[in-house]
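Engineer: protein-v8.pdb (PDB, C-alpha atoms and all ligand atoms) pasted underneath:
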```pdb
ATOM      1  CA  MET A   1     290.523 -64.286 -61.292  1.00  0.00           C
ATOM      2  CA  LEU A   2     291.180 -67.937 -60.538  1.00  0.00           C
ATOM      3  CA  PHE A   3     288.503 -69.647 -58.495  1.00  0.00           C
ATOM      4  CA  GLU A   4     289.338 -72.868 -56.752  1.00  0.00           C
ATOM      5  CA  LEU A   5     286.407 -75.210 -56.209  1.00  0.00           C
ATOM      6  CA  ARG A   6     286.812 -76.843 -52.815  1.00  0.00           C
ATOM      7  CA  THR A   7     285.660 -80.357 -52.083  1.00  0.00           C
ATOM      8  CA  CYS A   8     285.494 -82.359 -48.849  1.00  0.00           C
ATOM      9  CA  GLY A   9     287.844 -85.037 -50.149  1.00  0.00           C
ATOM     10  CA  THR A  10     288.922 -87.243 -47.271  1.00  0.00           C
ATOM     11  CA  CYS A  11     288.025 -84.687 -44.583  1.00  0.00           C
ATOM     12  CA  GLY A  12     284.922 -85.955 -42.758  1.00  0.00           C
ATOM     13  CA  ALA A  13     285.528 -83.759 -39.681  1.00  0.00           C
ATOM     14  CA  CYS A  14     281.829 -82.849 -39.463  1.00  0.00           C
ATOM     15  CA  CYS A  15     281.032 -86.589 -39.230  1.00  0.00           C
ATOM     16  CA  LYS A  16     282.493 -86.290 -35.732  1.00  0.00           C
ATOM     17  CA  THR A  17     281.452 -82.824 -34.606  1.00  0.00           C
ATOM     18  CA  HIS A  18     277.846 -82.542 -35.702  1.00  0.00           C
ATOM     19  CA  PHE A  19     274.591 -83.918 -34.378  1.00  0.00           C
ATOM     20  CA  VAL A  20     272.637 -85.920 -36.960  1.00  0.00           C
ATOM     21  CA  HIS A  21     269.109 -86.282 -35.660  1.00  0.00           C
ATOM     22  CA  GLU A  22     268.037 -88.730 -38.370  1.00  0.00           C
ATOM     23  CA  LEU A  23     270.680 -91.159 -37.041  1.00  0.00           C
ATOM     24  CA  ASP A  24     270.386 -90.262 -33.349  1.00  0.00           C
ATOM     25  CA  LYS A  25     274.037 -89.357 -33.651  1.00  0.00           C
ATOM     26  CA  PRO A  26     275.263 -87.114 -30.828  1.00  0.00           C
ATOM     27  CA  GLY A  27     277.718 -84.292 -31.440  1.00  0.00           C
ATOM     28  CA  GLY A  28     281.406 -84.818 -30.712  1.00  0.00           C
ATOM     29  CA  GLN A  29     281.473 -88.549 -31.532  1.00  0.00           C
ATOM     30  CA  TRP A  30     282.340 -90.237 -34.772  1.00  0.00           C
ATOM     31  CA  CYS A  31     279.376 -91.407 -36.787  1.00  0.00           C
ATOM     32  CA  LYS A  32     279.103 -95.204 -36.810  1.00  0.00           C
ATOM     33  CA  TYR A  33     278.992 -95.089 -40.620  1.00  0.00           C
ATOM     34  CA  ARG A  34     282.342 -93.337 -40.922  1.00  0.00           C
ATOM     35  CA  LEU A  35     285.162 -95.841 -41.292  1.00  0.00           C
ATOM     36  CA  PRO A  36     288.766 -94.597 -41.063  1.00  0.00           C
ATOM     37  CA  GLY A  37     290.191 -94.106 -44.552  1.00  0.00           C
ATOM     38  CA  ARG A  38     287.002 -95.395 -46.172  1.00  0.00           C
ATOM     39  CA  GLY A  39     284.615 -92.473 -45.767  1.00  0.00           C
ATOM     40  CA  CYS A  40     280.864 -92.703 -45.365  1.00  0.00           C
ATOM     41  CA  GLN A  41     279.608 -96.262 -45.654  1.00  0.00           C
ATOM     42  CA  ILE A  42     276.086 -95.188 -46.555  1.00  0.00           C
ATOM     43  CA  TYR A  43     277.131 -92.481 -49.028  1.00  0.00           C
ATOM     44  CA  GLY A  44     274.276 -91.809 -51.433  1.00  0.00           C
ATOM     45  CA  HIS A  45     271.771 -92.872 -48.778  1.00  0.00           C
ATOM     46  CA  HIS A  46     273.178 -90.649 -46.042  1.00  0.00           C
ATOM     47  CA  PRO A  47     270.753 -88.244 -44.322  1.00  0.00           C
ATOM     48  CA  ARG A  48     269.713 -84.989 -45.918  1.00  0.00           C
ATOM     49  CA  ALA A  49     271.423 -83.063 -43.110  1.00  0.00           C
ATOM     50  CA  CYS A  50     274.745 -84.606 -44.173  1.00  0.00           C
ATOM     51  CA  LYS A  51     274.097 -84.047 -47.874  1.00  0.00           C
ATOM     52  CA  THR A  52     273.311 -80.375 -47.442  1.00  0.00           C
ATOM     53  CA  PHE A  53     275.897 -79.380 -44.834  1.00  0.00           C
ATOM     54  CA  ARG A  54     278.653 -77.052 -46.032  1.00  0.00           C
ATOM     55  CA  CYS A  55     281.199 -75.825 -43.521  1.00  0.00           C
ATOM     56  CA  GLN A  56     282.727 -72.394 -43.886  1.00  0.00           C
ATOM     57  CA  TRP A  57     285.980 -73.782 -45.254  1.00  0.00           C
ATOM     58  CA  LEU A  58     284.100 -75.558 -48.042  1.00  0.00           C
ATOM     59  CA  LEU A  59     282.378 -72.268 -48.846  1.00  0.00           C
ATOM     60  CA  GLY A  60     285.723 -70.530 -49.212  1.00  0.00           C
ATOM     61  CA  ARG A  61     286.642 -69.187 -45.782  1.00  0.00           C
ATOM     62  CA  GLY A  62     290.318 -69.392 -44.844  1.00  0.00           C
ATOM     63  CA  GLU A  63     293.262 -70.860 -46.688  1.00  0.00           C
ATOM     64  CA  VAL A  64     293.050 -73.989 -48.828  1.00  0.00           C
ATOM     65  CA  GLU A  65     295.401 -75.843 -46.477  1.00  0.00           C
ATOM     66  CA  GLU A  66     293.103 -75.083 -43.511  1.00  0.00           C
ATOM     67  CA  ARG A  67     290.713 -77.929 -44.247  1.00  0.00           C
ATOM     68  CA  PRO A  68     288.918 -78.933 -41.004  1.00  0.00           C
ATOM     69  CA  ASP A  69     290.616 -82.325 -40.681  1.00  0.00           C
ATOM     70  CA  ARG A  70     293.950 -80.469 -40.594  1.00  0.00           C
ATOM     71  CA  THR A  71     292.955 -77.574 -38.327  1.00  0.00           C
ATOM     72  CA  HIS A  72     290.746 -79.803 -36.135  1.00  0.00           C
ATOM     73  CA  LEU A  73     288.086 -77.085 -36.200  1.00  0.00           C
ATOM     74  CA  VAL A  74     284.823 -76.952 -38.129  1.00  0.00           C
ATOM     75  CA  LEU A  75     283.499 -73.434 -38.700  1.00  0.00           C
ATOM     76  CA  ASP A  76     279.798 -73.199 -39.362  1.00  0.00           C
ATOM     77  CA  PHE A  77     277.349 -70.357 -40.009  1.00  0.00           C
ATOM     78  CA  ILE A  78     273.572 -70.333 -39.625  1.00  0.00           C
ATOM     79  CA  GLY A  79     271.631 -67.345 -40.974  1.00  0.00           C
ATOM     80  CA  GLY A  80     269.268 -65.394 -38.721  1.00  0.00           C
ATOM     81  CA  GLU A  81     265.960 -66.482 -40.316  1.00  0.00           C
ATOM     82  CA  LYS A  82     265.386 -69.421 -37.953  1.00  0.00           C
ATOM     83  CA  LEU A  83     267.119 -68.309 -34.786  1.00  0.00           C
ATOM     84  CA  GLY A  84     266.391 -64.591 -34.781  1.00  0.00           C
ATOM     85  CA  GLU A  85     270.112 -63.824 -34.942  1.00  0.00           C
ATOM     86  CA  PRO A  86     272.858 -65.119 -37.233  1.00  0.00           C
ATOM     87  CA  LEU A  87     275.030 -67.652 -35.434  1.00  0.00           C
ATOM     88  CA  PHE A  88     278.637 -68.665 -36.086  1.00  0.00           C
ATOM     89  CA  LEU A  89     279.670 -71.958 -34.521  1.00  0.00           C
ATOM     90  CA  ILE A  90     283.234 -73.083 -33.879  1.00  0.00           C
ATOM     91  CA  TRP A  91     283.278 -76.855 -33.374  1.00  0.00           C
ATOM     92  CA  GLU A  92     286.270 -78.584 -31.867  1.00  0.00           C
ATOM     93  CA  VAL A  93     287.281 -81.805 -33.673  1.00  0.00           C
ATOM     94  CA  LYS A  94     290.098 -82.476 -31.227  1.00  0.00           C
ATOM     95  CA  ARG A  95     290.082 -81.510 -27.568  1.00  0.00           C
ATOM     96  CA  GLY A  96     291.774 -78.170 -26.818  1.00  0.00           C
ATOM     97  CA  MET A  97     291.551 -76.745 -30.349  1.00  0.00           C
ATOM     98  CA  LEU A  98     289.180 -73.985 -29.275  1.00  0.00           C
ATOM     99  CA  ARG A  99     292.242 -72.430 -27.642  1.00  0.00           C
ATOM    100  CA  SER A 100     294.203 -72.477 -30.909  1.00  0.00           C
ATOM    101  CA  PRO A 101     295.139 -69.193 -32.651  1.00  0.00           C
ATOM    102  CA  LEU A 102     292.874 -70.062 -35.587  1.00  0.00           C
ATOM    103  CA  ALA A 103     289.822 -70.504 -33.350  1.00  0.00           C
ATOM    104  CA  ARG A 104     290.581 -67.292 -31.472  1.00  0.00           C
ATOM    105  CA  GLU A 105     291.094 -65.336 -34.700  1.00  0.00           C
ATOM    106  CA  ALA A 106     287.802 -66.603 -36.136  1.00  0.00           C
ATOM    107  CA  GLU A 107     285.978 -65.752 -32.908  1.00  0.00           C
ATOM    108  CA  VAL A 108     287.333 -62.198 -32.771  1.00  0.00           C
ATOM    109  CA  ASP A 109     286.702 -61.622 -36.468  1.00  0.00           C
ATOM    110  CA  VAL A 110     283.073 -62.731 -36.266  1.00  0.00           C
ATOM    111  CA  PHE A 111     282.379 -61.039 -32.919  1.00  0.00           C
ATOM    112  CA  ASP A 112     283.714 -57.758 -34.343  1.00  0.00           C
ATOM    113  CA  GLN A 113     281.070 -58.028 -37.057  1.00  0.00           C
ATOM    114  CA  GLY A 114     278.407 -58.134 -34.322  1.00  0.00           C
ATOM    115  CA  ILE A 115     277.575 -61.817 -34.840  1.00  0.00           C
ATOM    116  CA  VAL A 116     276.825 -64.227 -31.983  1.00  0.00           C
ATOM    117  CA  VAL A 117     279.528 -66.899 -31.699  1.00  0.00           C
ATOM    118  CA  CYS A 118     279.102 -70.332 -30.177  1.00  0.00           C
ATOM    119  CA  ARG A 119     282.123 -72.276 -28.951  1.00  0.00           C
ATOM    120  CA  MET A 120     281.398 -75.993 -29.297  1.00  0.00           C
ATOM    121  CA  PRO A 121     283.908 -77.964 -27.201  1.00  0.00           C
ATOM    122  CA  LEU A 122     284.041 -81.741 -27.454  1.00  0.00           C
ATOM    123  CA  ALA A 123     283.315 -82.620 -23.869  1.00  0.00           C
ATOM    124  CA  LYS A 124     281.817 -79.550 -22.218  1.00  0.00           C
ATOM    125  CA  GLN A 125     278.778 -77.299 -22.503  1.00  0.00           C
ATOM    126  CA  PRO A 126     278.782 -74.903 -25.462  1.00  0.00           C
ATOM    127  CA  THR A 127     279.310 -71.208 -24.735  1.00  0.00           C
ATOM    128  CA  LEU A 128     277.566 -68.381 -26.540  1.00  0.00           C
ATOM    129  CA  ILE A 129     279.517 -65.151 -26.878  1.00  0.00           C
ATOM    130  CA  VAL A 130     276.988 -62.394 -27.402  1.00  0.00           C
ATOM    131  CA  PRO A 131     277.970 -58.987 -28.827  1.00  0.00           C
ATOM    132  CA  PRO A 132     276.217 -55.826 -27.601  1.00  0.00           C
ATOM    133  CA  GLY A 133     272.640 -55.399 -28.795  1.00  0.00           C
ATOM    134  CA  ARG A 134     272.124 -59.040 -29.827  1.00  0.00           C
ATOM    135  CA  GLN A 135     269.178 -61.130 -28.611  1.00  0.00           C
ATOM    136  CA  PRO A 136     270.232 -64.770 -28.207  1.00  0.00           C
ATOM    137  CA  GLU A 137     266.971 -66.084 -26.615  1.00  0.00           C
ATOM    138  CA  LYS A 138     265.846 -68.093 -29.667  1.00  0.00           C
ATOM    139  CA  ILE A 139     269.311 -69.606 -29.995  1.00  0.00           C
ATOM    140  CA  ILE A 140     269.279 -70.634 -26.324  1.00  0.00           C
ATOM    141  CA  GLU A 141     265.800 -72.159 -26.795  1.00  0.00           C
ATOM    142  CA  ALA A 142     266.937 -74.053 -29.888  1.00  0.00           C
ATOM    143  CA  PHE A 143     269.769 -75.657 -27.910  1.00  0.00           C
ATOM    144  CA  LYS A 144     267.381 -76.468 -25.039  1.00  0.00           C
ATOM    145  CA  SER A 145     264.968 -78.138 -27.453  1.00  0.00           C
ATOM    146  CA  VAL A 146     267.670 -80.710 -28.232  1.00  0.00           C
ATOM    147  CA  GLY A 147     268.601 -81.149 -24.566  1.00  0.00           C
ATOM    148  CA  ILE A 148     271.627 -78.853 -24.462  1.00  0.00           C
ATOM    149  CA  ASN A 149     272.149 -76.071 -21.946  1.00  0.00           C
ATOM    150  CA  VAL A 150     274.530 -73.375 -23.071  1.00  0.00           C
ATOM    151  CA  ASN A 151     276.647 -70.968 -21.082  1.00  0.00           C
ATOM    152  CA  VAL A 152     275.942 -67.409 -22.148  1.00  0.00           C
ATOM    153  CA  CYS A 153     278.549 -64.698 -22.026  1.00  0.00           C
ATOM    154  CA  TYR A 154     277.356 -61.155 -22.773  1.00  0.00           C
ATOM    155  CA  ARG A 155     280.303 -59.049 -23.887  1.00  0.00           C
ATOM    156  CA  THR A 156     280.491 -55.309 -24.108  1.00  0.00           C
ATOM    157  CA  ALA A 157     283.433 -55.350 -26.524  1.00  0.00           C
TER     158      ALA A 157
HETATM  159  S1  LIG B 201     283.992 -80.402 -42.260  1.00  0.00           S
HETATM  160 FE1  LIG B 201     283.646 -79.269 -44.152  1.00  0.00          FE
HETATM  161  S2  LIG B 201     285.224 -79.988 -45.589  1.00  0.00           S
HETATM  162 FE2  LIG B 201     285.110 -81.449 -43.889  1.00  0.00          FE
HETATM  163  S3  LIG B 201     283.677 -83.033 -44.609  1.00  0.00           S
HETATM  164 FE3  LIG B 201     282.476 -81.550 -43.425  1.00  0.00          FE
HETATM  165  S4  LIG B 201     281.704 -80.074 -44.942  1.00  0.00           S
HETATM  166 FE4  LIG B 201     283.375 -81.225 -45.916  1.00  0.00          FE
HETATM  167  S1  LIG B 202     275.978 -90.677 -42.380  1.00  0.00           S
HETATM  168 FE1  LIG B 202     277.877 -90.498 -43.525  1.00  0.00          FE
HETATM  169  S2  LIG B 202     278.068 -88.309 -44.023  1.00  0.00           S
HETATM  170 FE2  LIG B 202     276.546 -88.511 -42.365  1.00  0.00          FE
HETATM  171  S3  LIG B 202     277.692 -88.246 -40.461  1.00  0.00           S
HETATM  172 FE3  LIG B 202     277.610 -90.433 -40.898  1.00  0.00          FE
HETATM  173  S4  LIG B 202     279.488 -90.885 -42.024  1.00  0.00           S
HETATM  174 FE4  LIG B 202     279.176 -88.674 -42.088  1.00  0.00          FE
END
```
How would this structure read if it were set down as C-alpha cells?
Ligand code: SF4
Ligand code: SF4
Structural biologist:
Amino acid sequence: MLFELRTCGTCGACCKTHFVHELDKPGGQWCKYRLPGRGCQIYGHHPRACKTFRCQWLLGRGEVEERPDRTHLVLDFIGGEKLGEPLFLIWEVKRGMLRSPLAREAEVDVFDQGIVVCRMPLAKQPTLIVPPGRQPEKIIEAFKSVGINVNVCYRTA
C-alpha cells in the first residue's frame, strides 16, 4: 500500500486559528511572526506548542487536497487524558466556514462516534456539542481557565 507522507508546506492555517500562550497570541488572529508567503520568521526558535502541533489533516484525515489553507478549516483532536473526555475541535480559518459541507460532515462523523465536538468560530464564542452520556465539565473548565466561556449544547442524537 502506498503511504503519502503529508507536510505542512506553505499552509500555516494554525498560525491564525490557534492560541499560543508562550507568545500571548490570541486565537483567530495571525501570529505576528507569520509573514505572507514567507512562513514563520522565528522557525527553529518557535514555541514548543507550534513545533508539536499536528492537525488532523497532517495526520492523514481527509483528502490530500483538503489541506487547511484550502478548506479554511483546521481539524484538531485532543485525547481524553487531560480533559476527561476526548475533544474534536473544528477551527474556522475564514469566517463562515463552519457552515461549509466539510465542517458539517466532520461534525456529524465525530459526533456519531460519541466524541464531544467544539466549533471554534473566528469572532464568536465556541460551542460544545455534547453527545449523550458525555461529561464536558473539565473541558468547560479548561476553556474558562484561559478566559473563554463556551456555549454548551447537549444533544440526544
Ligand atoms: S494547519 Fe495543519 S497542515 Fe496547516 S500548518 Fe498547521 S499543522 Fe500544518
Ligand atoms: S511562532 Fe511561527 S509557527 Fe508559531 S504561530 Fe507564530 S508563525 Fe506560526
Engineer: Enumerate as a list in words the residues within 7 Å of ligand LIG 201 (chain B), counting all atoms listed in the file.
Structural biologist: Thr7, Cys8, Cys11, Gly12, Ala13, Cys14, Cys15, Phe53, Arg54, Cys55, Gln56, Trp57, Leu58, Arg67, Pro68, Asp69 and Val74 of chain A
Engineer: Residues at most 10 Å from Pro131 of chain A, counting all atoms listed in the file, excluding those fewer than 4 positions away in the same chain, as a list in words?
Structural biologist: Val110, Phe111, Asp112, Gln113, Gly114, Ile115, Val116, Val117, Gln135, Pro136, Cys153, Tyr154, Arg155, Thr156 and Ala157 of chain A
Engineer: Take the residues just selected and output them with C-alpha atoms as a PDB file, in the coordinates of the input.
Structural biologist:
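Below you can see again.pdb, which holds the result:
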```pdb
ATOM      1  CA  VAL A 110     283.073 -62.731 -36.266  1.00  0.00           C
ATOM      2  CA  PHE A 111     282.379 -61.039 -32.919  1.00  0.00           C
ATOM      3  CA  ASP A 112     283.714 -57.758 -34.343  1.00  0.00           C
ATOM      4  CA  GLN A 113     281.070 -58.028 -37.057  1.00  0.00           C
ATOM      5  CA  GLY A 114     278.407 -58.134 -34.322  1.00  0.00           C
ATOM      6  CA  ILE A 115     277.575 -61.817 -34.840  1.00  0.00           C
ATOM      7  CA  VAL A 116     276.825 -64.227 -31.983  1.00  0.00           C
ATOM      8  CA  VAL A 117     279.528 -66.899 -31.699  1.00  0.00           C
ATOM      9  CA  GLN A 135     269.178 -61.130 -28.611  1.00  0.00           C
ATOM     10  CA  PRO A 136     270.232 -64.770 -28.207  1.00  0.00           C
ATOM     11  CA  CYS A 153     278.549 -64.698 -22.026  1.00  0.00           C
ATOM     12  CA  TYR A 154     277.356 -61.155 -22.773  1.00  0.00           C
ATOM     13  CA  ARG A 155     280.303 -59.049 -23.887  1.00  0.00           C
ATOM     14  CA  THR A 156     280.491 -55.309 -24.108  1.00  0.00           C
ATOM     15  CA  ALA A 157     283.433 -55.350 -26.524  1.00  0.00           C
TER      16      ALA A 157
END
```
Engineer: Which residues of chain A have any atom within 8 Å of an atom in ligand LIG 202 (chain B) when counting only C-alpha atoms and all ligand atoms, and what is the closest pair of atoms for each, with the distance in Å to one decimal? Order the rows by chain and rising number and write it as JSON lines.
Structural biologist:
```
{"residue": "A:Gly12", "atom": "CA", "partner": "B:LIG202", "partner_atom": "FE4", "distance": 6.4}
{"residue": "A:Cys14", "atom": "CA", "partner": "B:LIG202", "partner_atom": "S3", "distance": 6.9}
{"residue": "A:Cys15", "atom": "CA", "partner": "B:LIG202", "partner_atom": "S3", "distance": 3.9}
{"residue": "A:Lys16", "atom": "CA", "partner": "B:LIG202", "partner_atom": "S3", "distance": 7.0}
{"residue": "A:His18", "atom": "CA", "partner": "B:LIG202", "partner_atom": "S3", "distance": 7.4}
{"residue": "A:Val20", "atom": "CA", "partner": "B:LIG202", "partner_atom": "S3", "distance": 6.6}
{"residue": "A:Leu23", "atom": "CA", "partner": "B:LIG202", "partner_atom": "S1", "distance": 7.5}
{"residue": "A:Lys25", "atom": "CA", "partner": "B:LIG202", "partner_atom": "S3", "distance": 7.8}
{"residue": "A:Trp30", "atom": "CA", "partner": "B:LIG202", "partner_atom": "S3", "distance": 7.6}
{"residue": "A:Cys31", "atom": "CA", "partner": "B:LIG202", "partner_atom": "FE3", "distance": 4.6}
{"residue": "A:Lys32", "atom": "CA", "partner": "B:LIG202", "partner_atom": "FE3", "distance": 6.5}
{"residue": "A:Tyr33", "atom": "CA", "partner": "B:LIG202", "partner_atom": "S4", "distance": 4.5}
{"residue": "A:Arg34", "atom": "CA", "partner": "B:LIG202", "partner_atom": "S4", "distance": 3.9}
{"residue": "A:Leu35", "atom": "CA", "partner": "B:LIG202", "partner_atom": "S4", "distance": 7.6}
{"residue": "A:Gly39", "atom": "CA", "partner": "B:LIG202", "partner_atom": "S4", "distance": 6.5}
{"residue": "A:Cys40", "atom": "CA", "partner": "B:LIG202", "partner_atom": "S4", "distance": 4.0}
{"residue": "A:Gln41", "atom": "CA", "partner": "B:LIG202", "partner_atom": "FE1", "distance": 6.4}
{"residue": "A:Ile42", "atom": "CA", "partner": "B:LIG202", "partner_atom": "FE1", "distance": 5.9}
{"residue": "A:Tyr43", "atom": "CA", "partner": "B:LIG202", "partner_atom": "FE1", "distance": 5.9}
{"residue": "A:His45", "atom": "CA", "partner": "B:LIG202", "partner_atom": "S1", "distance": 8.0}
{"residue": "A:His46", "atom": "CA", "partner": "B:LIG202", "partner_atom": "S1", "distance": 4.6}
{"residue": "A:Pro47", "atom": "CA", "partner": "B:LIG202", "partner_atom": "S1", "distance": 6.1}
{"residue": "A:Ala49", "atom": "CA", "partner": "B:LIG202", "partner_atom": "FE2", "distance": 7.5}
{"residue": "A:Cys50", "atom": "CA", "partner": "B:LIG202", "partner_atom": "FE2", "distance": 4.7}
{"residue": "A:Lys51", "atom": "CA", "partner": "B:LIG202", "partner_atom": "S2", "distance": 7.0}
```
Engineer: Selected residues, C-alpha atoms, written as a CSV table (one decimal), keeping the file's coordinate frame, please.
Structural biologist:
```
chain,number,residue,atom,x,y,z
A,12,GLY,CA,284.9,-86.0,-42.8
A,14,CYS,CA,281.8,-82.8,-39.5
A,15,CYS,CA,281.0,-86.6,-39.2
A,16,LYS,CA,282.5,-86.3,-35.7
A,18,HIS,CA,277.8,-82.5,-35.7
A,20,VAL,CA,272.6,-85.9,-37.0
A,23,LEU,CA,270.7,-91.2,-37.0
A,25,LYS,CA,274.0,-89.4,-33.7
A,30,TRP,CA,282.3,-90.2,-34.8
A,31,CYS,CA,279.4,-91.4,-36.8
A,32,LYS,CA,279.1,-95.2,-36.8
A,33,TYR,CA,279.0,-95.1,-40.6
A,34,ARG,CA,282.3,-93.3,-40.9
A,35,LEU,CA,285.2,-95.8,-41.3
A,39,GLY,CA,284.6,-92.5,-45.8
A,40,CYS,CA,280.9,-92.7,-45.4
A,41,GLN,CA,279.6,-96.3,-45.7
A,42,ILE,CA,276.1,-95.2,-46.6
A,43,TYR,CA,277.1,-92.5,-49.0
A,45,HIS,CA,271.8,-92.9,-48.8
A,46,HIS,CA,273.2,-90.6,-46.0
A,47,PRO,CA,270.8,-88.2,-44.3
A,49,ALA,CA,271.4,-83.1,-43.1
A,50,CYS,CA,274.7,-84.6,-44.2
A,51,LYS,CA,274.1,-84.0,-47.9
```
Engineer: Go through A:Val152, A:Met120, A:Val108, A:Ala103 one by one, measure the shortest atom-to-atom distance of each to Glu66 of chain A using only C-alpha atoms, and give the residue with the smallest value.
Structural biologist: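 Comparing A:Val152, A:Met120, A:Val108, A:Ala103 against Glu66 of chain A, the winner is A:Ala103.
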Engineer: Please write as a ChimeraX atom specification the full residue list that the PyMOL selection byres (((chain A and resi 88-91) around 7) and not hetatm) yields on this file.
Structural biologist: /A:17,73-78,86-87,92-93,116-121
Engineer: Atom CA of Leu122 of chain A and atom CA of Lys94 of chain A are how many Å apart?
Structural biologist: 7.2 Å
Engineer: Can you tell me how far atom CA of Glu85 of chain A sits from atom CA of Arg6 of chain A, in Å to one decimal?
Structural biologist: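 Atom-to-atom, atom CA of Glu85 of chain A to atom CA of Arg6 of chain A, that is 27.7 Å.
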Engineer: Could you name the residues that touch Gly84 of chain A at 9 Å or less, counting all atoms listed in the file, but leaving out those on the same chain fewer than 2 positions away, as a PyMOL selection string?
Structural biologist: chain A and resi 79-82+86+135-139
Engineer: Would you mind reading off the distance between atom CA of Gln125 of chain A and atom CA of Val150 of chain A, one decimal, in Å?
Structural biologist: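 Atom-to-atom, atom CA of Gln125 of chain A and atom CA of Val150 of chain A are spaced 5.8 Å apart.
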Engineer: From the list A:Gly133, A:Ile148, A:His72, A:Glu63, which residue is nearest Gly96 of chain A when using only C-alpha atoms?
Structural biologist: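 Using only C-alpha atoms, the shortest distance to Gly96 of chain A belongs to A:His72.
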Engineer: Emit as AutoDock Vina command-line options the padded axis-aligned box for all listed atoms of segment 25-34 of chain A, 6 Å per side, with centre and edge lengths in Å to one decimal.
Structural biologist:
```
--center_x 278.2 --center_y -89.7 --center_z -35.8 --size_x 20.3 --size_y 22.9 --size_z 22.2
```
Engineer: Go through A:Asp24, A:Leu98, A:Glu65, A:Arg70 and flag the residue nearest Ala123 of chain A, using all atoms listed in the file for the distances.
Structural biologist: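 Going through A:Asp24, A:Leu98, A:Glu65, A:Arg70 one by one, the smallest distance to Ala123 of chain A is for A:Leu98.
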Engineer: From the set A:Leu59, A:Gly9, A:Pro36, A:Arg48, which residue has the shortest atom-to-atom contact distance to His21 of chain A, counting all atoms listed in the file?
Structural biologist: A:Arg48
